[in-house]
Amino acid sequence: MNTRILRALLLTFCLAFLPLSAAQADTLDINTATADQLSSVMVGVGPAKAQAIVDYRDSNGPFGSIDELSSVKGIGPATVDKNRDFISVTPASAK
């Protein structure tokens, strides 16, 4: 195969997958996000559930893991799983 064609194919392949890797790098930290940010980023989380997340965090301290979100009333494991690619947790000691 012509090297020019191979280079074009390689460039096309790299550019096609660049948005996927960039999107995964930008996640919302549930330990610092506002209710508005949570409801705009998380799937299946509206304003009321987002406020419940913030209230839980304010009452119980920062989340230790993403899975701990399921301790918030109205947030189940399915909702947590749907949002794993959009959220992150920065431990309190790393801030």
# chains A, B, ... in the order shown; residues from 1 in each chain; ligands from 1
$ residues_around --residues "Val43 in chain A" --least-positions-apart "4" --cutoff "9 Å" --atoms "only C-alpha atoms" --output "PyMOL selection string"
chain A and resi 39+79+82-83+86
$ closest_residue --among "A:Ala48, A:Met42, A:Ile5, A:Val54" --to "Val80 in chain A" --atoms "only C-alpha atoms"
A:Met42
